[in-house]
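Everything on this sheet refers to the single structure shown next.
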Amino acid sequence: MVPVSYYLVLSAVLFTLGVAAFLFKRNIITIFMSIELMLNAVNLSFVAFANMHKDVSGHVFVFFVMVVAAAEAAVGLAIIIAIYRTRETLNVDRVNLLKL
Amino acid sequence: MLHQALFFLIAAMCVAGAINLLLQRHPIHSALSLIVVMGSLALLYLLLGAEFVAMIQLIVYAGAIMVLFVFVIMLLNAGEEEHTRGSRMALWFGAPAVAAIVGMVVYVLTSNSTTLREVHLGAWASTTHDVAMPLFREYLLPFEVTSILILIAILGAVVLARREH
Amino acid sequence: MIETLKFVAFLLLKIVVITHVLLGAVAYTVWLERKLIGRMQNRWGPTRVGPFGLLQPIADGVKFILKEDMLPPGVNKPLFVLAPLLAVALGLTSLAVIPFGETVSQLGKLGALQISGFVRADGSIMDPGVGLLIILAVTSIGVYGIALAGWSSNSKYSLLGSLRASAQMVSYELSLGLSLVGVIMLSGSLSLRQIVDAQAGPFWHWNVFVGLQFIAFFIYLTAAYAETNRIPFDLPEAETELVAGYHTEYSAMKFAMFFMAEYANMFTASCVATLLFFGGWHSPLEGLVKYSLPPLLAALEPVFWFAAKIFVFIFVYIWIRGTLPRFRYDQLMAFGWKVLLPLAIANIVVTSLYVAWRTV
């Protein structure tokens, strides 16, 4: 038996590591991946709470988060490809002009 | 006992993967560590009795979204990232902030742990049928709205990635 | 305590036996393929090693082990080594949930003919409730073996091969998953054992003969050929364009691992087709012909029917390889997205209407 708070602490640690990666990383693809990490961390607490309350609504919300993540990944990666075509770089510091 | 051992093993895998995502400089190594995180999260979902969510996690996240990331990294032939002045500044100001956030969240969660219950391995499990019932009853409207969201995302991706002539 | 140890020991025994049976079958499928392709092309195939070349797989295995394990310069070493291991491990993992018979009552709790199936006190069998999703998850993660092999090899042929492979596998996974939804709706379960039990009886109870499910079967078979990178969809390793595609730089046992992974995936695809569309371990004449067998043979009869059905699918794999040419890449993508996917969705709509009509 494990207290629910362990799962929540793990989720918090993963979320902050995601925030850290979002702030420290310069490669736009890695930054995008850290957003996925944050979403995953939130999903973990949803599932943990679903177990605590014995209610599957938490699982349904995880389902919705995954749908949103999939949509976000499709559009985001298309934007990344478009940026790479015009700027020929993936470094966010070099993508600092509104118009070329 | 078994539950605790499994939890700490998988949690260690999870955190190691997330830290590796942060430390690696090549995006493909970061992507692989993220896949490790997602796989171990699926195992944690199994411990929490959510078999359907665990499998969807593997199929959608590890099997579809991350394949897309790896594909784009290979397609754009992304190299190691370069460090600039901005990234060093982010490191100096960001690292204490991150530590503060972790400390705060952990403090709040552990100080209120009397209201939180415990997870018993195998005490509660949801089948696919259990997840489907609320999904297609109480949450039918959000479910339909997500389908429109996906449709818009497909159209957006097609328009954005199309080469202009 | 002693009960637990017995349980673990039996489980390990079951895993070891089943894995070795599969690996042996993989080795002899390679022999069968060379023999059959040879006959289709009016040659003899392997004849030198042993009678009918039957010892050829063993000779090949010894050769693979004894060859020098080359590590080309410029590769990303950890990923280069990890990729074949990942491919073969994931290829064998799905075996854990595949049921191939009912029970052998002498073995007690572990008598279920399935690695992850256990006999309950009342004699019924408990197996994973999401068995089919586990197989889909494992096959969808299997892409990484190929993608990483191509990327870490640091060679243009490998990279092109693995780019093709990942795009192809992601595209066809969609049709593959959607083609199975019709069967899931008909049997109302994701557990492989319950899906098979819903088809018990003579052969017209099998899902492939119910309604329009033969269309779903066609979609599944096509998508499975693309998933396993077999002719006519073997673009990731197209010899005439890419030398050997994603495994160009691999040699010795690492190359053999990719080979084993491909054949293990063929077996998984055949198993899923058998379980979902062709009644699993049920005899085609069940309930029509009465005959009695000695107890041991009676326990093994379902395994025989299961193996026979898988053999037919493996034969079709080889037959198709001897018959069809390779697709062009744009044809492959257009076929997957413009033909198979709409067909699969139409099948879901028709089947759900049929299920609704049946329950009303």
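In the structure tokens, the first chain shown is A, the next is B, and so on; residue numbers restart at 1 for each chain, and ligands run from 1 in the order shown.
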
Might you pull out every residue within 12 Å of Ile125 in chain C, with only C-alpha atoms counted and same-chain residues fewer than 2 positions away left off, and present them as JSON, numbers by chain?
{"C": [99, 101, 102, 103, 104, 105, 108, 109, 110, 111, 112, 113, 114, 115, 116, 117, 118, 119, 120, 121, 122, 123, 127, 128, 129, 191, 192, 193, 194, 197]}

Print the selection's residues with N, CA, C and O atoms to a file, as a compact mmCIF listing (two decimals), in the first residue's frame.
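Once written, part21.txt looks like this:
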```
# COMPACT_ATOMS: atom_id res chain seq x y z
N PRO C 99 -3.58 -16.33 -26.58
CA PRO C 99 -4.07 -17.63 -26.13
C PRO C 99 -4.08 -18.62 -27.30
O PRO C 99 -4.43 -18.25 -28.41
N GLY C 101 -5.26 -22.06 -26.78
CA GLY C 101 -6.05 -23.23 -26.44
C GLY C 101 -6.78 -22.99 -25.14
O GLY C 101 -6.64 -21.93 -24.54
N GLU C 102 -7.55 -24.00 -24.71
CA GLU C 102 -8.30 -23.83 -23.45
C GLU C 102 -7.38 -24.14 -22.27
O GLU C 102 -6.51 -23.37 -21.96
N THR C 103 -7.60 -25.27 -21.60
CA THR C 103 -6.77 -25.60 -20.44
C THR C 103 -6.27 -27.03 -20.54
O THR C 103 -6.87 -27.88 -21.19
N VAL C 104 -5.14 -27.26 -19.87
CA VAL C 104 -4.70 -28.62 -19.60
C VAL C 104 -4.98 -28.83 -18.12
O VAL C 104 -4.31 -28.24 -17.27
N SER C 105 -6.00 -29.62 -17.80
CA SER C 105 -6.51 -29.62 -16.43
C SER C 105 -5.50 -30.18 -15.42
O SER C 105 -5.57 -29.87 -14.24
N GLY C 108 -3.33 -27.52 -13.07
CA GLY C 108 -3.87 -26.67 -12.02
C GLY C 108 -4.02 -25.23 -12.45
O GLY C 108 -4.46 -24.93 -13.55
N LYS C 109 -3.57 -24.31 -11.57
CA LYS C 109 -3.82 -22.89 -11.77
C LYS C 109 -3.15 -22.35 -13.04
O LYS C 109 -3.63 -21.40 -13.65
N LEU C 110 -2.02 -22.95 -13.40
CA LEU C 110 -1.29 -22.44 -14.57
C LEU C 110 -1.61 -23.24 -15.82
O LEU C 110 -0.88 -23.17 -16.80
N GLY C 111 -2.68 -24.02 -15.80
CA GLY C 111 -2.96 -24.90 -16.93
C GLY C 111 -3.49 -24.21 -18.17
O GLY C 111 -3.65 -24.85 -19.19
N ALA C 112 -3.75 -22.89 -18.07
CA ALA C 112 -4.28 -22.19 -19.24
C ALA C 112 -3.22 -22.14 -20.33
O ALA C 112 -2.05 -21.88 -20.05
N LEU C 113 -3.62 -22.41 -21.58
CA LEU C 113 -2.65 -22.39 -22.66
C LEU C 113 -2.46 -20.95 -23.15
O LEU C 113 -2.84 -20.58 -24.25
N GLN C 114 -1.88 -20.15 -22.29
CA GLN C 114 -1.63 -18.73 -22.56
C GLN C 114 -0.70 -18.27 -21.45
O GLN C 114 -0.92 -18.59 -20.28
N ILE C 115 0.35 -17.50 -21.79
CA ILE C 115 1.33 -17.15 -20.74
C ILE C 115 0.66 -16.32 -19.65
O ILE C 115 0.86 -16.54 -18.46
N SER C 116 -0.17 -15.33 -20.04
CA SER C 116 -0.75 -14.45 -19.04
C SER C 116 -2.17 -14.88 -18.67
O SER C 116 -2.95 -14.07 -18.20
N GLY C 117 -2.51 -16.15 -18.88
CA GLY C 117 -3.83 -16.63 -18.50
C GLY C 117 -3.74 -17.56 -17.30
O GLY C 117 -2.84 -18.38 -17.21
N PHE C 118 -4.66 -17.40 -16.35
CA PHE C 118 -4.64 -18.23 -15.15
C PHE C 118 -6.01 -18.82 -14.91
O PHE C 118 -7.02 -18.17 -15.14
N VAL C 119 -6.02 -20.07 -14.43
CA VAL C 119 -7.29 -20.75 -14.21
C VAL C 119 -7.85 -20.34 -12.85
O VAL C 119 -7.14 -20.38 -11.84
N ARG C 120 -9.11 -19.91 -12.84
CA ARG C 120 -9.75 -19.56 -11.58
C ARG C 120 -10.18 -20.84 -10.85
O ARG C 120 -10.09 -21.94 -11.38
N ALA C 121 -10.67 -20.67 -9.63
CA ALA C 121 -11.08 -21.84 -8.83
C ALA C 121 -12.20 -22.60 -9.52
O ALA C 121 -12.26 -23.83 -9.45
N ASP C 122 -13.11 -21.88 -10.22
CA ASP C 122 -14.24 -22.56 -10.83
C ASP C 122 -13.92 -23.13 -12.21
O ASP C 122 -14.81 -23.60 -12.92
N GLY C 123 -12.64 -23.07 -12.63
CA GLY C 123 -12.26 -23.68 -13.90
C GLY C 123 -12.27 -22.71 -15.07
O GLY C 123 -11.75 -23.04 -16.14
N ASP C 127 -7.85 -13.83 -18.21
CA ASP C 127 -6.76 -13.32 -19.04
C ASP C 127 -6.87 -11.81 -19.12
O ASP C 127 -7.87 -11.24 -18.70
N PRO C 128 -5.81 -11.10 -19.59
CA PRO C 128 -5.84 -9.64 -19.55
C PRO C 128 -7.08 -9.09 -20.26
O PRO C 128 -7.38 -9.48 -21.39
N GLY C 129 -7.79 -8.17 -19.61
CA GLY C 129 -9.02 -7.62 -20.19
C GLY C 129 -8.76 -6.76 -21.41
O GLY C 129 -9.68 -6.47 -22.16
N SER C 191 -10.78 -8.67 -24.62
CA SER C 191 -10.00 -9.82 -24.18
C SER C 191 -9.97 -10.85 -25.30
O SER C 191 -11.01 -11.22 -25.84
N LEU C 192 -8.76 -11.29 -25.66
CA LEU C 192 -8.62 -12.19 -26.81
C LEU C 192 -9.39 -13.48 -26.60
O LEU C 192 -9.97 -14.04 -27.53
N ARG C 193 -9.40 -13.96 -25.35
CA ARG C 193 -10.09 -15.21 -25.06
C ARG C 193 -11.60 -15.07 -25.26
O ARG C 193 -12.25 -15.95 -25.82
N GLN C 194 -12.14 -13.93 -24.82
CA GLN C 194 -13.59 -13.74 -25.01
C GLN C 194 -13.94 -13.55 -26.48
O GLN C 194 -15.01 -13.98 -26.93
N ASP C 197 -14.04 -17.01 -27.80
CA ASP C 197 -15.21 -17.75 -27.29
C ASP C 197 -16.49 -17.32 -27.99
O ASP C 197 -17.41 -18.12 -28.16
```

If you count only C-alpha atoms, which residues fall within 12 Å of Asp55 in chain A, apart from same-chain ones fewer than 5 positions away, as number ranges by chain?
A: 46-50, 60-61; B: 49-50, 124-127, 130-131, 133-134

Requested write-out: C-alpha atoms of the selected residues, as an mmCIF file, in the first residue's frame:
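What ended up in part.cif:
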```
data_model
loop_
_atom_site.group_PDB
_atom_site.id
_atom_site.type_symbol
_atom_site.label_atom_id
_atom_site.label_comp_id
_atom_site.auth_asym_id
_atom_site.auth_seq_id
_atom_site.Cartn_x
_atom_site.Cartn_y
_atom_site.Cartn_z
ATOM 1 C CA PHE A 46 -5.783 12.510 -12.622
ATOM 2 C CA VAL A 47 -5.378 8.728 -12.507
ATOM 3 C CA ALA A 48 -4.216 8.808 -8.877
ATOM 4 C CA PHE A 49 -7.285 10.835 -7.851
ATOM 5 C CA ALA A 50 -9.529 8.508 -9.865
ATOM 6 C CA VAL A 60 -12.110 10.125 -19.003
ATOM 7 C CA PHE A 61 -10.218 13.370 -18.425
ATOM 8 C CA GLY B 49 -5.884 -0.099 -11.710
ATOM 9 C CA ALA B 50 -6.361 1.807 -14.957
ATOM 10 C CA TRP B 124 -9.933 -1.120 -7.309
ATOM 11 C CA ALA B 125 -9.634 -1.558 -11.054
ATOM 12 C CA SER B 126 -11.616 -0.101 -13.909
ATOM 13 C CA THR B 127 -12.398 -2.114 -17.021
ATOM 14 C CA ASP B 130 -16.382 1.228 -16.854
ATOM 15 C CA VAL B 131 -14.495 3.952 -18.738
ATOM 16 C CA MET B 133 -20.020 4.365 -19.760
ATOM 17 C CA PRO B 134 -19.335 7.923 -18.474
#
```

Residues near Met1 in chain A, cut-off 6 Å, only C-alpha atoms, skip fewer than 2 positions along chain, as a ChimeraX atom specification
/B:3,119-120

Pick from C:Asp69, C:Glu301, C:Asp60, C:Glu237: nearest to Ala27 in chain C, with only C-alpha atoms counted?
C:Asp60

6 Å contacts from chain B to chain A using only C-alpha atoms, as a PDB file with all heavy atoms, in the first residue's frame:
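See result36.pdb below for the written result:
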```pdb
ATOM      1  N   HIS B   3       3.915  -3.560  -3.642  1.00  0.00           N
ATOM      2  CA  HIS B   3       3.445  -2.323  -4.257  1.00  0.00           C
ATOM      3  C   HIS B   3       4.467  -1.212  -4.083  1.00  0.00           C
ATOM      4  O   HIS B   3       4.785  -0.485  -5.023  1.00  0.00           O
ATOM      5  CB  HIS B   3       2.103  -1.947  -3.620  1.00  0.00           C
ATOM      6  CG  HIS B   3       1.411  -0.824  -4.319  1.00  0.00           C
ATOM      7  ND1 HIS B   3       0.236  -0.298  -3.880  1.00  0.00           N
ATOM      8  CD2 HIS B   3       1.732  -0.125  -5.423  1.00  0.00           C
ATOM      9  CE1 HIS B   3      -0.130   0.681  -4.688  1.00  0.00           C
ATOM     10  NE2 HIS B   3       0.759   0.795  -5.621  1.00  0.00           N
ATOM     11  N   LEU B  22      16.230  16.565 -19.644  1.00  0.00           N
ATOM     12  CA  LEU B  22      16.739  17.901 -19.368  1.00  0.00           C
ATOM     13  C   LEU B  22      18.230  17.995 -19.705  1.00  0.00           C
ATOM     14  O   LEU B  22      18.688  19.009 -20.229  1.00  0.00           O
ATOM     15  CB  LEU B  22      16.505  18.190 -17.886  1.00  0.00           C
ATOM     16  CG  LEU B  22      16.647  19.603 -17.379  1.00  0.00           C
ATOM     17  CD1 LEU B  22      15.726  20.498 -18.149  1.00  0.00           C
ATOM     18  CD2 LEU B  22      16.291  19.633 -15.908  1.00  0.00           C
ATOM     19  N   PRO B  27      18.349  16.295 -29.510  1.00  0.00           N
ATOM     20  CA  PRO B  27      16.899  16.086 -29.357  1.00  0.00           C
ATOM     21  C   PRO B  27      16.472  14.630 -29.415  1.00  0.00           C
ATOM     22  O   PRO B  27      15.501  14.258 -28.746  1.00  0.00           O
ATOM     23  CB  PRO B  27      16.290  16.893 -30.503  1.00  0.00           C
ATOM     24  CG  PRO B  27      17.408  17.347 -31.331  1.00  0.00           C
ATOM     25  CD  PRO B  27      18.641  17.292 -30.534  1.00  0.00           C
ATOM     26  N   GLU B  81      21.996  20.946 -29.692  1.00  0.00           N
ATOM     27  CA  GLU B  81      21.591  22.344 -29.533  1.00  0.00           C
ATOM     28  C   GLU B  81      22.778  23.174 -29.075  1.00  0.00           C
ATOM     29  O   GLU B  81      23.675  22.700 -28.400  1.00  0.00           O
ATOM     30  CB  GLU B  81      20.437  22.460 -28.544  1.00  0.00           C
ATOM     31  CG  GLU B  81      20.767  22.045 -27.143  1.00  0.00           C
ATOM     32  CD  GLU B  81      19.576  22.214 -26.226  1.00  0.00           C
ATOM     33  OE1 GLU B  81      18.676  22.968 -26.576  1.00  0.00           O
ATOM     34  OE2 GLU B  81      19.569  21.573 -25.173  1.00  0.00           O
ATOM     35  N   SER B  87      20.135  31.210 -22.910  1.00  0.00           N
ATOM     36  CA  SER B  87      19.952  29.936 -22.221  1.00  0.00           C
ATOM     37  C   SER B  87      20.682  29.941 -20.888  1.00  0.00           C
ATOM     38  O   SER B  87      20.214  29.382 -19.909  1.00  0.00           O
ATOM     39  CB  SER B  87      20.436  28.787 -23.094  1.00  0.00           C
ATOM     40  OG  SER B  87      21.833  28.752 -23.125  1.00  0.00           O
ATOM     41  N   ALA B  90      18.566  31.874 -18.466  1.00  0.00           N
ATOM     42  CA  ALA B  90      17.430  31.048 -18.043  1.00  0.00           C
ATOM     43  C   ALA B  90      17.867  30.061 -16.975  1.00  0.00           C
ATOM     44  O   ALA B  90      17.156  29.806 -15.997  1.00  0.00           O
ATOM     45  CB  ALA B  90      16.843  30.311 -19.244  1.00  0.00           C
ATOM     46  N   LEU B  91      19.095  29.515 -17.136  1.00  0.00           N
ATOM     47  CA  LEU B  91      19.587  28.536 -16.167  1.00  0.00           C
ATOM     48  C   LEU B  91      19.782  29.188 -14.802  1.00  0.00           C
ATOM     49  O   LEU B  91      19.352  28.664 -13.776  1.00  0.00           O
ATOM     50  CB  LEU B  91      20.909  27.962 -16.677  1.00  0.00           C
ATOM     51  CG  LEU B  91      21.444  26.755 -15.901  1.00  0.00           C
ATOM     52  CD1 LEU B  91      20.556  25.561 -16.137  1.00  0.00           C
ATOM     53  CD2 LEU B  91      22.857  26.442 -16.330  1.00  0.00           C
ATOM     54  N   VAL B 106       5.656  19.909  -2.857  1.00  0.00           N
ATOM     55  CA  VAL B 106       5.848  18.737  -2.000  1.00  0.00           C
ATOM     56  C   VAL B 106       5.389  19.052  -0.586  1.00  0.00           C
ATOM     57  O   VAL B 106       4.731  18.239   0.081  1.00  0.00           O
ATOM     58  CB  VAL B 106       7.325  18.284  -2.029  1.00  0.00           C
ATOM     59  CG1 VAL B 106       7.600  17.263  -0.944  1.00  0.00           C
ATOM     60  CG2 VAL B 106       7.674  17.708  -3.387  1.00  0.00           C
ATOM     61  N   ARG B 117      -6.107   9.454   0.849  1.00  0.00           N
ATOM     62  CA  ARG B 117      -6.175   8.048   1.231  1.00  0.00           C
ATOM     63  C   ARG B 117      -4.973   7.280   0.692  1.00  0.00           C
ATOM     64  O   ARG B 117      -4.045   7.859   0.140  1.00  0.00           O
ATOM     65  CB  ARG B 117      -7.472   7.442   0.719  1.00  0.00           C
ATOM     66  CG  ARG B 117      -8.621   7.710   1.678  1.00  0.00           C
ATOM     67  CD  ARG B 117      -9.929   7.411   1.003  1.00  0.00           C
ATOM     68  NE  ARG B 117     -10.682   8.643   0.789  1.00  0.00           N
ATOM     69  CZ  ARG B 117     -11.730   8.723  -0.006  1.00  0.00           C
ATOM     70  NH1 ARG B 117     -12.126   7.683  -0.692  1.00  0.00           N
ATOM     71  NH2 ARG B 117     -12.399   9.848  -0.140  1.00  0.00           N
ATOM     72  N   GLU B 118      -5.031   5.962   0.826  1.00  0.00           N
ATOM     73  CA  GLU B 118      -3.941   5.127   0.341  1.00  0.00           C
ATOM     74  C   GLU B 118      -4.396   4.299  -0.850  1.00  0.00           C
ATOM     75  O   GLU B 118      -5.579   4.008  -1.002  1.00  0.00           O
ATOM     76  CB  GLU B 118      -3.454   4.194   1.456  1.00  0.00           C
ATOM     77  CG  GLU B 118      -2.582   4.912   2.452  1.00  0.00           C
ATOM     78  CD  GLU B 118      -2.422   4.103   3.715  1.00  0.00           C
ATOM     79  OE1 GLU B 118      -3.213   3.173   3.922  1.00  0.00           O
ATOM     80  OE2 GLU B 118      -1.518   4.418   4.485  1.00  0.00           O
ATOM     81  N   VAL B 119      -3.429   3.937  -1.686  1.00  0.00           N
ATOM     82  CA  VAL B 119      -3.721   3.100  -2.844  1.00  0.00           C
ATOM     83  C   VAL B 119      -3.375   1.663  -2.487  1.00  0.00           C
ATOM     84  O   VAL B 119      -2.267   1.386  -2.048  1.00  0.00           O
ATOM     85  CB  VAL B 119      -2.882   3.548  -4.059  1.00  0.00           C
ATOM     86  CG1 VAL B 119      -3.187   2.668  -5.245  1.00  0.00           C
ATOM     87  CG2 VAL B 119      -3.162   4.988  -4.386  1.00  0.00           C
ATOM     88  N   HIS B 120      -4.333   0.769  -2.620  1.00  0.00           N
ATOM     89  CA  HIS B 120      -4.055  -0.644  -2.379  1.00  0.00           C
ATOM     90  C   HIS B 120      -4.006  -1.365  -3.709  1.00  0.00           C
ATOM     91  O   HIS B 120      -4.906  -1.219  -4.538  1.00  0.00           O
ATOM     92  CB  HIS B 120      -5.128  -1.265  -1.478  1.00  0.00           C
ATOM     93  CG  HIS B 120      -5.081  -0.713  -0.089  1.00  0.00           C
ATOM     94  ND1 HIS B 120      -4.293  -1.243   0.889  1.00  0.00           N
ATOM     95  CD2 HIS B 120      -5.706   0.351   0.457  1.00  0.00           C
ATOM     96  CE1 HIS B 120      -4.443  -0.536   1.999  1.00  0.00           C
ATOM     97  NE2 HIS B 120      -5.294   0.442   1.758  1.00  0.00           N
ATOM     98  N   VAL B 131     -14.919   2.659 -18.199  1.00  0.00           N
ATOM     99  CA  VAL B 131     -14.495   3.952 -18.738  1.00  0.00           C
ATOM    100  C   VAL B 131     -15.456   4.407 -19.822  1.00  0.00           C
ATOM    101  O   VAL B 131     -15.747   5.598 -19.953  1.00  0.00           O
ATOM    102  CB  VAL B 131     -13.055   3.857 -19.287  1.00  0.00           C
ATOM    103  CG1 VAL B 131     -12.600   5.188 -19.828  1.00  0.00           C
ATOM    104  CG2 VAL B 131     -12.111   3.397 -18.202  1.00  0.00           C
ATOM    105  N   ILE B 150      -9.939  17.644 -33.337  1.00  0.00           N
ATOM    106  CA  ILE B 150      -9.000  16.823 -34.115  1.00  0.00           C
ATOM    107  C   ILE B 150      -9.098  17.174 -35.597  1.00  0.00           C
ATOM    108  O   ILE B 150      -8.094  17.299 -36.298  1.00  0.00           O
ATOM    109  CB  ILE B 150      -9.332  15.329 -33.911  1.00  0.00           C
ATOM    110  CG1 ILE B 150      -9.013  14.923 -32.487  1.00  0.00           C
ATOM    111  CG2 ILE B 150      -8.601  14.475 -34.904  1.00  0.00           C
ATOM    112  CD1 ILE B 150      -7.739  14.208 -32.318  1.00  0.00           C
ATOM    113  N   ALA B 153      -7.335  20.288 -36.206  1.00  0.00           N
ATOM    114  CA  ALA B 153      -5.889  20.074 -36.122  1.00  0.00           C
ATOM    115  C   ALA B 153      -5.362  19.456 -37.407  1.00  0.00           C
ATOM    116  O   ALA B 153      -4.307  19.848 -37.903  1.00  0.00           O
ATOM    117  CB  ALA B 153      -5.563  19.178 -34.929  1.00  0.00           C
ATOM    118  N   ALA B 157      -2.646  21.244 -39.732  1.00  0.00           N
ATOM    119  CA  ALA B 157      -1.354  20.624 -40.040  1.00  0.00           C
ATOM    120  C   ALA B 157      -1.141  20.560 -41.543  1.00  0.00           C
ATOM    121  O   ALA B 157      -0.049  20.864 -42.038  1.00  0.00           O
ATOM    122  CB  ALA B 157      -1.292  19.227 -39.428  1.00  0.00           C
ATOM    123  N   LEU B 160      -0.395  24.129 -42.823  1.00  0.00           N
ATOM    124  CA  LEU B 160       0.897  24.661 -42.379  1.00  0.00           C
ATOM    125  C   LEU B 160       2.068  23.972 -43.059  1.00  0.00           C
ATOM    126  O   LEU B 160       3.040  24.609 -43.431  1.00  0.00           O
ATOM    127  CB  LEU B 160       1.017  24.499 -40.870  1.00  0.00           C
ATOM    128  CG  LEU B 160       0.290  25.523 -40.028  1.00  0.00           C
ATOM    129  CD1 LEU B 160       0.274  25.073 -38.591  1.00  0.00           C
ATOM    130  CD2 LEU B 160       0.941  26.878 -40.154  1.00  0.00           C
ATOM    131  N   ALA B 161       1.966  22.643 -43.199  1.00  0.00           N
ATOM    132  CA  ALA B 161       3.115  21.900 -43.701  1.00  0.00           C
ATOM    133  C   ALA B 161       3.177  21.884 -45.219  1.00  0.00           C
ATOM    134  O   ALA B 161       4.157  21.427 -45.792  1.00  0.00           O
ATOM    135  CB  ALA B 161       3.084  20.464 -43.167  1.00  0.00           C
TER     136      ALA B 161
END
```

Rounded to one decimal place, report the CA of Leu36 in chain C-CA of Ala244 in chain C distance in Å.
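According to the coordinates, CA of Leu36 in chain C and CA of Ala244 in chain C are separated by 22.3 Å.
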
Could you pull the residues within 6 Å of range 316-333 of chain C, counting only C-alpha atoms, minus those fewer than 3 positions along the same chain, as a PyMOL selection string?
chain C and resi 33+37+231-232+313+336

Would you export the selected residues with N, CA, C and O atoms as a PDB file, in the first residue's frame, please?
```pdb
ATOM      1  N   GLU C  33      10.242 -20.566 -46.369  1.00  0.00           N
ATOM      2  CA  GLU C  33      10.128 -19.485 -47.340  1.00  0.00           C
ATOM      3  C   GLU C  33      11.098 -19.703 -48.495  1.00  0.00           C
ATOM      4  O   GLU C  33      10.709 -19.598 -49.667  1.00  0.00           O
ATOM      5  N   ILE C  37       9.598 -20.314 -52.159  1.00  0.00           N
ATOM      6  CA  ILE C  37       9.923 -19.330 -53.193  1.00  0.00           C
ATOM      7  C   ILE C  37      10.720 -20.014 -54.297  1.00  0.00           C
ATOM      8  O   ILE C  37      10.507 -19.768 -55.490  1.00  0.00           O
ATOM      9  N   ILE C 231       6.869  -7.808 -48.576  1.00  0.00           N
ATOM     10  CA  ILE C 231       6.404  -7.574 -49.936  1.00  0.00           C
ATOM     11  C   ILE C 231       4.883  -7.704 -49.944  1.00  0.00           C
ATOM     12  O   ILE C 231       4.367  -8.592 -49.284  1.00  0.00           O
ATOM     13  N   PRO C 232       4.086  -6.861 -50.591  1.00  0.00           N
ATOM     14  CA  PRO C 232       4.474  -5.780 -51.502  1.00  0.00           C
ATOM     15  C   PRO C 232       4.756  -4.435 -50.824  1.00  0.00           C
ATOM     16  O   PRO C 232       4.813  -3.431 -51.520  1.00  0.00           O
ATOM     17  N   PHE C 313      -1.651 -18.845 -42.796  1.00  0.00           N
ATOM     18  CA  PHE C 313      -1.350 -17.422 -42.957  1.00  0.00           C
ATOM     19  C   PHE C 313       0.108 -17.199 -43.353  1.00  0.00           C
ATOM     20  O   PHE C 313       0.413 -16.355 -44.201  1.00  0.00           O
ATOM     21  N   GLY C 336      -2.877   3.629 -48.550  1.00  0.00           N
ATOM     22  CA  GLY C 336      -3.177   3.582 -47.125  1.00  0.00           C
ATOM     23  C   GLY C 336      -4.193   4.617 -46.702  1.00  0.00           C
ATOM     24  O   GLY C 336      -5.139   4.315 -45.973  1.00  0.00           O
TER      25      GLY C 336
END
```
